[in-house]
Structure formats: structure tokens, C-alpha cells
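The structure appears below as C-alpha cells.
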Amino acid sequence: MALSEDDVREILRLIDESELDELRIETAEFKLHVRRGGGAPDPGREVAEPRPAAATDNGARTIDAPMLGTFYRAEAPGAAPFVDVGAEIGPGTVVCLIEVMKMMNPVEAGVAGTIVEVCAENAQLVEYGEPLFRVEPAA
Amino acid sequence: MSVARVFIANRGEIALRIVRACRTLGLECVLGASEIDREGPAARLADRVVCIGPASAEQSYLRRDVVVQAALGTGCDAIHPGYGFLAESPELAAAAREHGLCFVGPPPEVMALAGDKLRARDAAAEAGLPLVPGREVATPADARGFAEESGYPVLLKAASGGGGRGIKLAGDAAELDTVYPVAVAEARAAFGDERLYVERRIREARHVEVQVAADDHGAAIHLGERDCSVQRRHQKLIEEAPAPFLAERSRGALRDAAVTFARAIGYRNLGTVEFLLDAETEDFFFLEMNCRIQVEHPVTEAVTGRDLVAMQLEIAGGEPLGIAQADVAIAGHAVECRLTAEDASNGFRPSPGTLTRFDVPDVADLRVDTHCEPGTLIPPHYDSLMAKLIGHGADREEAVDVVRAALDGLRVEGVETNRALLASVLDHEDFVRGAVTTRWLEEAAFA
């Protein structure tokens with residue numbers, strides 16, 4: 001299937017009208033990757049990039065799980081947690097680990113502020129997008 | 001090992017189909033859904049839904065590690081991969097086994113063998129199955145030598161090619177000499193491997209496949225065959241069981257060959273052996289084996305009265321088949337149409353969108369496998385299958401009438417569909433009067 005200019009326009013129109021941030025189309029003949037806001041993702045990344053912190057009702061934001069896996073608050077059993085309620089964090093602060101098949105993925109906060117709540121339970125399964133921490137953003 | 005809770009690593013109509021089979025068997029099920037698939041009938045009927053990642057399949061349905069982690073974390077003891085995505089991933093089957101989970105499919109070693117075209121071909125030859133005549137060639141003279149023995153036309157294929165790429169057709173010796181260097185260059189450029197393979201071209205071919213089932217206790221049977229010749233670019237549109245317009249002697253030979261192959265490679269669970277059938281001579285040739293439940297399994301269920309997905313789960317749990325070959329009876333005829341969100345009148349352009357209307361008429365003997373309802377999003381991330389309409393009747397004409405009536409009464413708004421194309425195939429005199437070939441839809445119907 002040849003991809004015409006009209007096809008590309010049509011695809012861009014569809015993505016514009018949708019709520020999607022990213023679109024991948026792959027056929028035997030071509031691969032198309034469109035991403036809103038620019039910047040191609042790096043599939044080989046090591047550190048789990050945080051999802052954009054989501055705003056909650058009272059102005060606080062949440063740090064959401066960037067992947068499904070087992071949530072760990074500390075580097076090892078018995079070790080001090082990466083962060084606790086009251087901790088001051090920056091966007092690059094590692095707040096927890098998520099284990100996927102024995103691979104420990106550090107999760108960065110992605111937002112600056114103060115941890116006001118730990119929403120997930122240590123060593124339990126968290127889903128993709130599940131809130132892990134609530135953060136009072138820095139002014 | 002018995003199965004009590006099943007992790008469903010798929011989406012769409014097949015996820016719902018697996019949920020239903022779990023219900024039938026009294027098993028719990030957990031649906032692993034991407035962020036945009038968290039709602040819908042399968043999610044409502046499952047015991048639990050976990051979000052395994054964003055919409056992009058590469059970051060959700062294709063993540064083996066996440067799928068295994070999600071199955072373990074939700075206390076499942078089996079993974080059903082459905083079709084597509086990771087269904088034929090030996091790595092997923094191996095990872096599941098390593099973590100004490102049942103994989104609903106064959107063992108990873110068998111899947112790896114069946115998935116390697118050359119090894120599968122060798123295994124088929126060893127088991128005595130007919131193969132399309134062909135061999136590896138080193139020079140144009142070598143290729144001409146084969147063609148003169150076997151007859152023109154021949155196909156030159158890149159030995160490591162796939163998906164229809166790197167194939168050249170030669171009608172005579174002069175043409176063969178012309179295309180040979182082009183084929184070498186293309187094979188080198190596309191696959192980094194200039195080895196060529198020459199094969200006789202079957203001009204008028206049908207796609208006929210045999211459903212097989214094998215348990216862990218040495219039993220292997222077939223559940224009849226399906227004809228899936230109505231295709232566009234290797235995508236099946238209409239399938240039927242049993243294969244129509246086929247001599248009983250050929251039918252029996254095909255079925256036996258499929259069981260022979262399954263036994264020869266130590267196959268377990270349900271699988272499908274695909275054959276290319278010469279429409280003129282009824283000679284048939286082994287193509288490949290698919291190690292999964294097929295999209296078109298409902299036509300086999302209709303004519304055999306068996307629940308194939310439940311059989312998969314039972315076999316995965318170590319249960320014996322419980323039926324012998326003599327217990328498998330084929331009753332009547334079944335036809336399936338695949339309704340897709342594609343604009344057939346506009347180059348089959350995918351037509352994603354949100355359904356504002358989805359009404360399927362009430363027709364006797366009609367089965368509809370679908371995840372669609374008003375409000376369902378047909379996302380651009382996945383394939384465009386919306387529904388399978390399956391008609392069952394005493395004979396082919398009756399079965400076709402059922403799906404024809406279903407297509408007539410179907411009302412879909414919000415996306416374009418291939419409804420009109422499906423109806424025109426069912427009405428076409430070539431389809432009504434005889435068996436069509438795999439080239440028919442593209443060449444004759446659109447001529």
C-alpha cells in the first residue's frame with residue numbers, strides 16, 4: 001500500500017481530533033510514528049520515565065506508575081524507604097522501584113514538591129497509571 | 001497442574017471469547033488491558049482487570065515481562081494469549097513455564113520449531129507430508145534445471161524472506177534469467193542474505209486448514225477443516241467449514257496429514273495445520289502450522305458442537321481430550337464473515353473512531369462474536385476486526401443465507417466498515433457456484 005500525501009493528512013487529522021498522544025502504524029511497506037508535542041521515545045531507556053504528574057482535586061499532584069509491576073518503597077528489604085510523607089523531592093528524585101520480572105526499574109518523581117501521601121502498598125502489584133504518591137507541588 | 005484462574009493477555013472479541021470460556025468452565029479470569037481497553041464487555045465480565053500499559057501494543061500487549069508479572073501478581077495460574085500479539089511467542093511460553101504458570105498453547109520448543117519455516121518444512125517432509133516442490137538454488141542455471149523438471153511458472157524467493165516480500169515470478173527460462181540477478185540483489189538488500197529458493201507456482205490455489213487437538217497423554221485428533229480462500233493481501237475475510245467443493249478422498253487425506261504432522265512434532269493443545277490446495281488437481285501441500293486459537297475457530301465450533309477455547313484450557317490444565325476421533329462429527333455447514341473497521345471503497349483505509357451505533361439483527365442460527373457496542377472506541381493502535389458473524393445451517397446455502405441476513409440488518413455508525421464488500425462476495429456467482437482461490441477477491445471481484 002502506497003502512502004499518499006492525502007493519507008498522511010488524514011492520519012494527522014484523525015490524531016488531531018482524537019485524545020491520543022501517539023500513533024504507530026506498521027505495514028509490510030512502511031512504518032509511521034506520529035507523536036503529539038514532538039520528540040521520539042527511546043525504547044531502550046533504562047530509567048522508567050514518570051508519567052506526567054496528574055492533578056488531583058485539591059491542587060496536589062500524583063506520581064503514577066509508569067508500568068505494571070511490583071511496587072517497592074526501598075532498595076532492599078529492611079532498608080530505609082526512598083521517600084516518606086514530608087519528603088522534599090525534585091523531578092529527578094527516585095521515589096520507588098517497580099519490579100518487572102526481576103528487573104528493578106527506578107521511578108523518578110517528575111515533579112518538584114513535598115510527598116503528602118503514599119498511595120500504594122509496598123511489595124504489591126501496581127497497575128500502569130495507578131497513583132503511587134500524592135505530592136504538594138512546590139510553589 | 002490444574003487451572004483455577006486464567007490471565008487473559010489480549011483484547012477485543014477474543015478476550016471476551018476467553019472470558020466466556022472461563023465462565024463455562026467455572027474458572028476465574030483476570031483481564032490484562034491497555035489503558036484504552038479498560039472498559040467494555042470483556043472487562044465487565046472478567047473477575048478483575050489490570051492495566052498493563054499504555055495503548056501502544058509495544059508497551060502493553062507485546063510486553064512478555066509485564067504479562068508474566070501481571071499474571072503472577074494477580075494470583076493466576078495460567079496465561080491465555082489469544083491470537084496475535086504474544087500468542088506464538090516461544091519466549092512467553094518459556095517464561096510462563098519458568099514461573100510455574102500454564103501457558104495455554106504448545107510447549108515453547110514445539111512453537112519454536114513450527115515457527116521456523118525451514119525447520120517446519122523439513123519436519124513435514126520427514127513426516128511424509130507433501131510440500132510445494134522447491135529447493136535452494138545457487139545459480140541461474142541451477143534454477144533453470146529445477147524449473148525444467150518441475151515446470152513453469154516458478155517463484156524465486158529469498159531464503160530468509162517472509163510476509164510475501166522478495167518473491168519474483170518467472171514464466172519461462174528467459175524471464176528466469178532476467179529476474180534471477182534482481183532477486184539476488186533484493187534478497188541481499190532486504191534480508192542481508194542472498195540465498196535463493198525456487199518453488200513451483202500453484203496458479204489456482206485454495207487455502208484449506210485443518211483444526212487439530214492434542215493432549216499431554218498422547219491423544220491427537222482433528223476437528224475437520226476450514227476453507228479460508230477469500231482473502232485480501234493474505235488477510236482472511238470469509239471462512240467456512242467444512243471446505244466446500246472438495247472430493248471426500250482429498251478431505252480425508254488432508255485431515256490425516258494434519259494429525260500426522262501434529263504427532264510428528266509432539267504438538268500439544270489446539271493448533272491449525274495450513275495447506276495450499278491446487279484448485280484444479282486437489283493436490284495439497286503443507287504450508288505451516290499455527291500454534292494458537294484461530295480467529296475463524298467459530299466455524300469449526302458450529303459444525304462440531306465443541307467449545308474449542310474450553311478445550312484449550314482443559315488441555316493446558318493437563319486433562320485428557322476426553323473424545324476420540326470417532327466422536328467428532330461434522331453437522332451442517334458454517335460460514336464466518338469478518339467485519340472490520342476499514343473503508344473498503346477507499347483503498348481499505350483503516351477507519352478508527354467511536355461507534356455511535358452498533359445493531360446486529362436477531363437472526364436464527366446466527367452467532368456474533370464481538371466486543372463492540374455503542375460507545376466502543378475502535379482505536380488506531382490495533383487491528384480493525386470489529387465482529388465475526390457466523391451462520392450455521394444444514395448446508396452451505398443455508399449458512400450463507402444466515403450471514404447474508406445478518407449483514408443486511410447490521411447497522412453500524414461512527415466508523416466505515418467492509419459490510420458491503422462482504423455482502424457482495426456472498427452474492428457473487430463465483431462464490432455461490434464453486435470454490436474460489438486465494439487470488440480471486442483481488443483479481444476477479446475487483447476486476
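Ordering of the C-alpha cells sets the chain letters (A, B, ...), residue numbers begin anew at 1 in every chain, and ligands are numbered from 1 in the order given.
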
Fill in: Test item: chain B residues at most 8 Å from chain A, counting only C-alpha atoms, as number ranges by chain
B: 35, 50-54, 56, 65-66, 68-70, 73-74, 163, 380-381

Worksheet item: What's the 12 Å shell around B:Thr340, counting only C-alpha atoms, without same-chain residues fewer than 6 positions away, as JSON, numbers by chain?
Response: {"B": [13, 235, 236, 237, 238, 348, 349, 350, 351, 352, 370, 372, 378, 382, 383, 384, 385, 386, 387, 388, 389, 412, 415, 416, 417, 418, 419, 420, 421, 422]}

Selection export as a PDB file, in the first residue's frame, atoms kept: C-alpha atoms:
```pdb
ATOM      1  CA  GLU B  13     -13.517 -10.011  20.664  1.00  0.00           C
ATOM      2  CA  GLN B 235      -5.942 -11.283   5.286  1.00  0.00           C
ATOM      3  CA  LYS B 236      -8.845 -13.700   5.532  1.00  0.00           C
ATOM      4  CA  LEU B 237     -12.312 -12.214   5.086  1.00  0.00           C
ATOM      5  CA  ILE B 238     -14.671 -15.155   4.878  1.00  0.00           C
ATOM      6  CA  PHE B 348      -9.234  -0.358   2.640  1.00  0.00           C
ATOM      7  CA  ARG B 349      -8.121   2.605   4.662  1.00  0.00           C
ATOM      8  CA  PRO B 350      -8.442   1.875   8.383  1.00  0.00           C
ATOM      9  CA  SER B 351     -11.371   3.731   9.865  1.00  0.00           C
ATOM     10  CA  PRO B 352     -10.820   4.171  13.592  1.00  0.00           C
ATOM     11  CA  THR B 370     -17.829  -9.076  19.145  1.00  0.00           C
ATOM     12  CA  CYS B 372     -18.460  -3.800  20.067  1.00  0.00           C
ATOM     13  CA  ILE B 378     -12.079   1.331  17.587  1.00  0.00           C
ATOM     14  CA  TYR B 382      -4.663  -2.437  16.901  1.00  0.00           C
ATOM     15  CA  ASP B 383      -6.163  -4.448  14.081  1.00  0.00           C
ATOM     16  CA  SER B 384      -9.515  -3.385  12.769  1.00  0.00           C
ATOM     17  CA  LEU B 385     -11.573  -6.522  13.485  1.00  0.00           C
ATOM     18  CA  MET B 386     -14.908  -5.483  14.965  1.00  0.00           C
ATOM     19  CA  ALA B 387     -17.053  -8.574  14.846  1.00  0.00           C
ATOM     20  CA  LYS B 388     -17.338 -12.062  13.449  1.00  0.00           C
ATOM     21  CA  LEU B 389     -20.721 -13.032  12.077  1.00  0.00           C
ATOM     22  CA  VAL B 412     -23.003   0.480  12.274  1.00  0.00           C
ATOM     23  CA  VAL B 415     -16.775   4.133  11.540  1.00  0.00           C
ATOM     24  CA  GLU B 416     -16.688   2.824   7.973  1.00  0.00           C
ATOM     25  CA  THR B 417     -16.894  -0.944   7.622  1.00  0.00           C
ATOM     26  CA  ASN B 418     -16.397  -3.619   4.971  1.00  0.00           C
ATOM     27  CA  ARG B 419     -20.053  -4.726   5.262  1.00  0.00           C
ATOM     28  CA  ALA B 420     -20.917  -4.042   1.614  1.00  0.00           C
ATOM     29  CA  LEU B 421     -17.853  -5.914   0.385  1.00  0.00           C
ATOM     30  CA  LEU B 422     -18.705  -8.973   2.491  1.00  0.00           C
TER      31      LEU B 422
END
```

Item to complete: If you run DSSP over the backbone, which residues in stretch 86-166 of chain B end up strand (DSSP E or B)? Put them as a ChimeraX atom specification.
Response: /B:102-103,134-137,154-158

Could you please take those selected residues and save N, CA and C atoms as a PDB file, in the first residue's frame?
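The resulting file, again.pdb, is reproduced below:
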```pdb
ATOM      1  N   CYS B 102       0.861 -22.113  33.677  1.00  0.00           N
ATOM      2  CA  CYS B 102       0.480 -22.872  32.485  1.00  0.00           C
ATOM      3  C   CYS B 102       0.364 -21.905  31.327  1.00  0.00           C
ATOM      4  N   PHE B 103       0.957 -22.216  30.217  1.00  0.00           N
ATOM      5  CA  PHE B 103       0.747 -21.428  29.013  1.00  0.00           C
ATOM      6  C   PHE B 103      -0.294 -22.168  28.176  1.00  0.00           C
ATOM      7  N   GLY B 134      10.275 -27.617  -4.481  1.00  0.00           N
ATOM      8  CA  GLY B 134      11.194 -26.486  -4.491  1.00  0.00           C
ATOM      9  C   GLY B 134      12.483 -26.851  -3.807  1.00  0.00           C
ATOM     10  N   ARG B 135      13.500 -26.032  -4.009  1.00  0.00           N
ATOM     11  CA  ARG B 135      14.764 -26.236  -3.314  1.00  0.00           C
ATOM     12  C   ARG B 135      15.602 -24.978  -3.396  1.00  0.00           C
ATOM     13  N   GLU B 136      16.663 -24.971  -2.567  1.00  0.00           N
ATOM     14  CA  GLU B 136      17.582 -23.856  -2.604  1.00  0.00           C
ATOM     15  C   GLU B 136      18.393 -23.944  -3.892  1.00  0.00           C
ATOM     16  N   VAL B 137      18.685 -22.808  -4.516  1.00  0.00           N
ATOM     17  CA  VAL B 137      19.476 -22.801  -5.750  1.00  0.00           C
ATOM     18  C   VAL B 137      20.642 -21.834  -5.616  1.00  0.00           C
ATOM     19  N   VAL B 154       7.627 -20.555 -12.114  1.00  0.00           N
ATOM     20  CA  VAL B 154       8.236 -20.799 -10.810  1.00  0.00           C
ATOM     21  C   VAL B 154       8.355 -19.473 -10.054  1.00  0.00           C
ATOM     22  N   LEU B 155       8.498 -19.605  -8.750  1.00  0.00           N
ATOM     23  CA  LEU B 155       8.718 -18.430  -7.901  1.00  0.00           C
ATOM     24  C   LEU B 155      10.129 -18.492  -7.361  1.00  0.00           C
ATOM     25  N   LEU B 156      10.810 -17.360  -7.435  1.00  0.00           N
ATOM     26  CA  LEU B 156      12.112 -17.229  -6.783  1.00  0.00           C
ATOM     27  C   LEU B 156      11.879 -16.484  -5.478  1.00  0.00           C
ATOM     28  N   LYS B 157      12.344 -17.079  -4.385  1.00  0.00           N
ATOM     29  CA  LYS B 157      12.104 -16.456  -3.086  1.00  0.00           C
ATOM     30  C   LYS B 157      13.408 -16.278  -2.337  1.00  0.00           C
ATOM     31  N   ALA B 158      13.493 -15.198  -1.586  1.00  0.00           N
ATOM     32  CA  ALA B 158      14.631 -15.023  -0.682  1.00  0.00           C
ATOM     33  C   ALA B 158      14.511 -16.089   0.396  1.00  0.00           C
TER      34      ALA B 158
END
```

Worksheet item: Can you tell me, as an MDAnalysis selection string, what residues are no more than 7 Å from stretch 201-204 of chain B when counting only C-alpha atoms, ignoring any on the same chain fewer than 6 positions away?
Response: chainID B and resid 153:155 278:280 437

Worksheet item: Can you list, as a ChimeraX atom specification, every protein, DNA or RNA residue that comes within 12 Å of stretch 391-403 of chain B when you count only C-alpha atoms, leaving out same-chain residues fewer than 5 positions away?
Response: /B:238-245,298-305,330-339,360-369,408-410,419,422-428,431-435

Practice prompt. Grab the atom CA of B:Arg263 to atom CA of B:Gly317 distance for me, in Å with one decimal place.
Written response: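 Calculated distance between atom CA of B:Arg263 and atom CA of B:Gly317 is 19.6 Å.
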
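Atom CA of B:Met311 is found 15.6 Å from atom CA of B:Val295.
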
Response to the item:
One decimal place gives the atom CA of A:Val85-atom CA of A:Glu136 separation as 10.6 Å

Item to complete: Pick out the closest residue to B:Ala127 from this set: B:Thr272, B:Ser229, B:Thr260, B:Thr356. Count only C-alpha atoms.
Response: B:Thr260

Secondary structure check, helix (DSSP H, G or I) residues of stretch 81-227 of chain B, as a JSON list (two decimals) with C-alpha atoms, in the first residue's frame:
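Resulting contents of selection-v9.json:
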```json
[["chain", "number", "residue", "atom", "x", "y", "z"],
["B", 90, "PRO", "CA", 8.07, -19.30, 22.47],
["B", 91, "GLU", "CA", 9.74, -16.84, 24.86],
["B", 92, "LEU", "CA", 6.44, -16.10, 26.60],
["B", 93, "ALA", "CA", 5.63, -19.81, 26.81],
["B", 94, "ALA", "CA", 9.09, -20.45, 28.29],
["B", 95, "ALA", "CA", 8.86, -17.56, 30.76],
["B", 96, "ALA", "CA", 5.44, -18.76, 31.90],
["B", 97, "ARG", "CA", 6.72, -22.28, 32.46],
["B", 98, "GLU", "CA", 9.77, -20.99, 34.32],
["B", 108, "PRO", "CA", 7.96, -23.47, 23.71],
["B", 109, "GLU", "CA", 10.19, -25.98, 21.88],
["B", 110, "VAL", "CA", 7.31, -27.08, 19.65],
["B", 111, "MET", "CA", 6.30, -23.49, 18.98],
["B", 112, "ALA", "CA", 9.87, -22.57, 18.04],
["B", 113, "LEU", "CA", 10.04, -25.48, 15.59],
["B", 114, "ALA", "CA", 6.67, -24.71, 14.00],
["B", 115, "GLY", "CA", 7.55, -21.02, 13.77],
["B", 117, "LYS", "CA", 9.63, -22.08, 8.22],
["B", 118, "LEU", "CA", 12.60, -24.12, 7.05],
["B", 119, "ARG", "CA", 12.66, -26.39, 10.09],
["B", 120, "ALA", "CA", 8.90, -26.87, 9.88],
["B", 121, "ARG", "CA", 9.24, -27.73, 6.20],
["B", 122, "ASP", "CA", 11.93, -30.29, 6.98],
["B", 123, "ALA", "CA", 9.82, -31.81, 9.73],
["B", 124, "ALA", "CA", 6.84, -32.02, 7.36],
["B", 125, "ALA", "CA", 8.95, -33.71, 4.69],
["B", 126, "GLU", "CA", 10.25, -36.19, 7.24],
["B", 140, "PRO", "CA", 20.57, -19.20, -12.67],
["B", 141, "ALA", "CA", 21.42, -22.50, -14.41],
["B", 142, "ASP", "CA", 20.58, -24.36, -11.21],
["B", 143, "ALA", "CA", 17.19, -22.59, -11.06],
["B", 144, "ARG", "CA", 16.52, -23.37, -14.73],
["B", 145, "GLY", "CA", 17.35, -27.00, -14.07],
["B", 146, "PHE", "CA", 14.69, -27.13, -11.34],
["B", 147, "ALA", "CA", 12.10, -25.32, -13.49],
["B", 148, "GLU", "CA", 12.63, -27.68, -16.39],
["B", 149, "GLU", "CA", 11.98, -30.70, -14.18],
["B", 150, "SER", "CA", 9.07, -29.17, -12.30],
["B", 173, "ALA", "CA", 13.63, -19.63, -18.98],
["B", 174, "ALA", "CA", 14.31, -16.16, -20.44],
["B", 175, "GLU", "CA", 12.30, -14.49, -17.70],
["B", 176, "LEU", "CA", 14.06, -16.57, -15.08],
["B", 177, "ASP", "CA", 17.45, -15.36, -16.35],
["B", 178, "THR", "CA", 16.21, -11.76, -16.18],
["B", 179, "VAL", "CA", 14.75, -11.86, -12.67],
["B", 180, "TYR", "CA", 17.45, -14.01, -11.07],
["B", 181, "PRO", "CA", 20.04, -11.25, -10.50],
["B", 182, "VAL", "CA", 17.29, -8.87, -9.36],
["B", 183, "ALA", "CA", 16.10, -11.45, -6.83],
["B", 184, "VAL", "CA", 19.66, -11.92, -5.53],
["B", 185, "ALA", "CA", 20.15, -8.16, -5.16],
["B", 186, "GLU", "CA", 16.80, -7.69, -3.43],
["B", 187, "ALA", "CA", 17.37, -10.60, -1.09],
["B", 188, "ARG", "CA", 20.74, -9.17, -0.12],
["B", 189, "ALA", "CA", 19.35, -5.66, 0.34],
["B", 190, "ALA", "CA", 16.19, -6.63, 2.22],
["B", 191, "PHE", "CA", 17.36, -9.57, 4.32]]
```

Worksheet item: Out of B:Arg357, B:Arg292, B:Arg23, B:His234, which residue has the shortest atom-to-atom distance to B:Thr376 when counting only C-alpha atoms?
Response: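 Looking only at the distances to B:Thr376, the closest residue turns out to be B:Arg357.
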
Practice prompt. Skip B:Tyr61 itself and residues of its chain fewer than 2 positions away, then list as an MDAnalysis selection string all residues within 7 Å of it, counting only C-alpha atoms.
Written response: chainID B and resid 9:10 57:59 63 85

Could those selected residues go to a file with C-alpha atoms, as a short mmCIF file (atom, residue, chain, number, x, y, z; two decimals), in the first residue's frame?
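Once everything was written out, this is part29.cif:
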```cif
data_model
loop_
_atom_site.label_atom_id
_atom_site.label_comp_id
_atom_site.auth_asym_id
_atom_site.auth_seq_id
_atom_site.Cartn_x
_atom_site.Cartn_y
_atom_site.Cartn_z
CA ALA B 9 -3.31 -11.35 27.63
CA ASN B 10 -5.39 -10.00 24.78
CA ALA B 57 0.93 -2.55 21.87
CA GLU B 58 4.70 -2.49 22.14
CA GLN B 59 4.34 -1.14 25.65
CA ARG B 63 5.49 -6.93 26.79
CA PHE B 85 0.31 -10.25 19.98
#
```

Discussion item. I'd like the neighbourhood of A:Pro91 as a PyMOL selection string, where a residue qualifies if any of its atoms comes within 7 Å (using only C-alpha atoms), though same-chain residues fewer than 6 positions away should be ignored.
Written reply: chain A and resi 108-112

May I have the residues from that selection written out with N, CA and C atoms, as a CSV table (one decimal), in the first residue's frame?
```csv
chain,number,residue,atom,x,y,z
A,108,GLU,N,11.3,8.0,38.8
A,108,GLU,CA,11.6,9.3,39.2
A,108,GLU,C,10.3,10.1,39.4
A,109,ALA,N,10.4,11.1,40.2
A,109,ALA,CA,9.2,11.9,40.6
A,109,ALA,C,8.6,12.6,39.4
A,110,GLY,N,9.4,13.2,38.6
A,110,GLY,CA,8.8,14.0,37.5
A,110,GLY,C,8.2,15.3,37.9
A,111,VAL,N,8.2,15.6,39.2
A,111,VAL,CA,7.6,16.8,39.7
A,111,VAL,C,8.3,17.3,41.0
A,112,ALA,N,8.4,18.6,41.3
A,112,ALA,CA,9.0,19.0,42.5
A,112,ALA,C,8.0,19.4,43.5
```

Worksheet item: Between B:Leu277, B:Ala170, B:Thr24, B:Arg5, which is the closest to B:Val132 once you count only C-alpha atoms?
Response: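 Closest to B:Val132, using only C-alpha atoms: B:Leu277.
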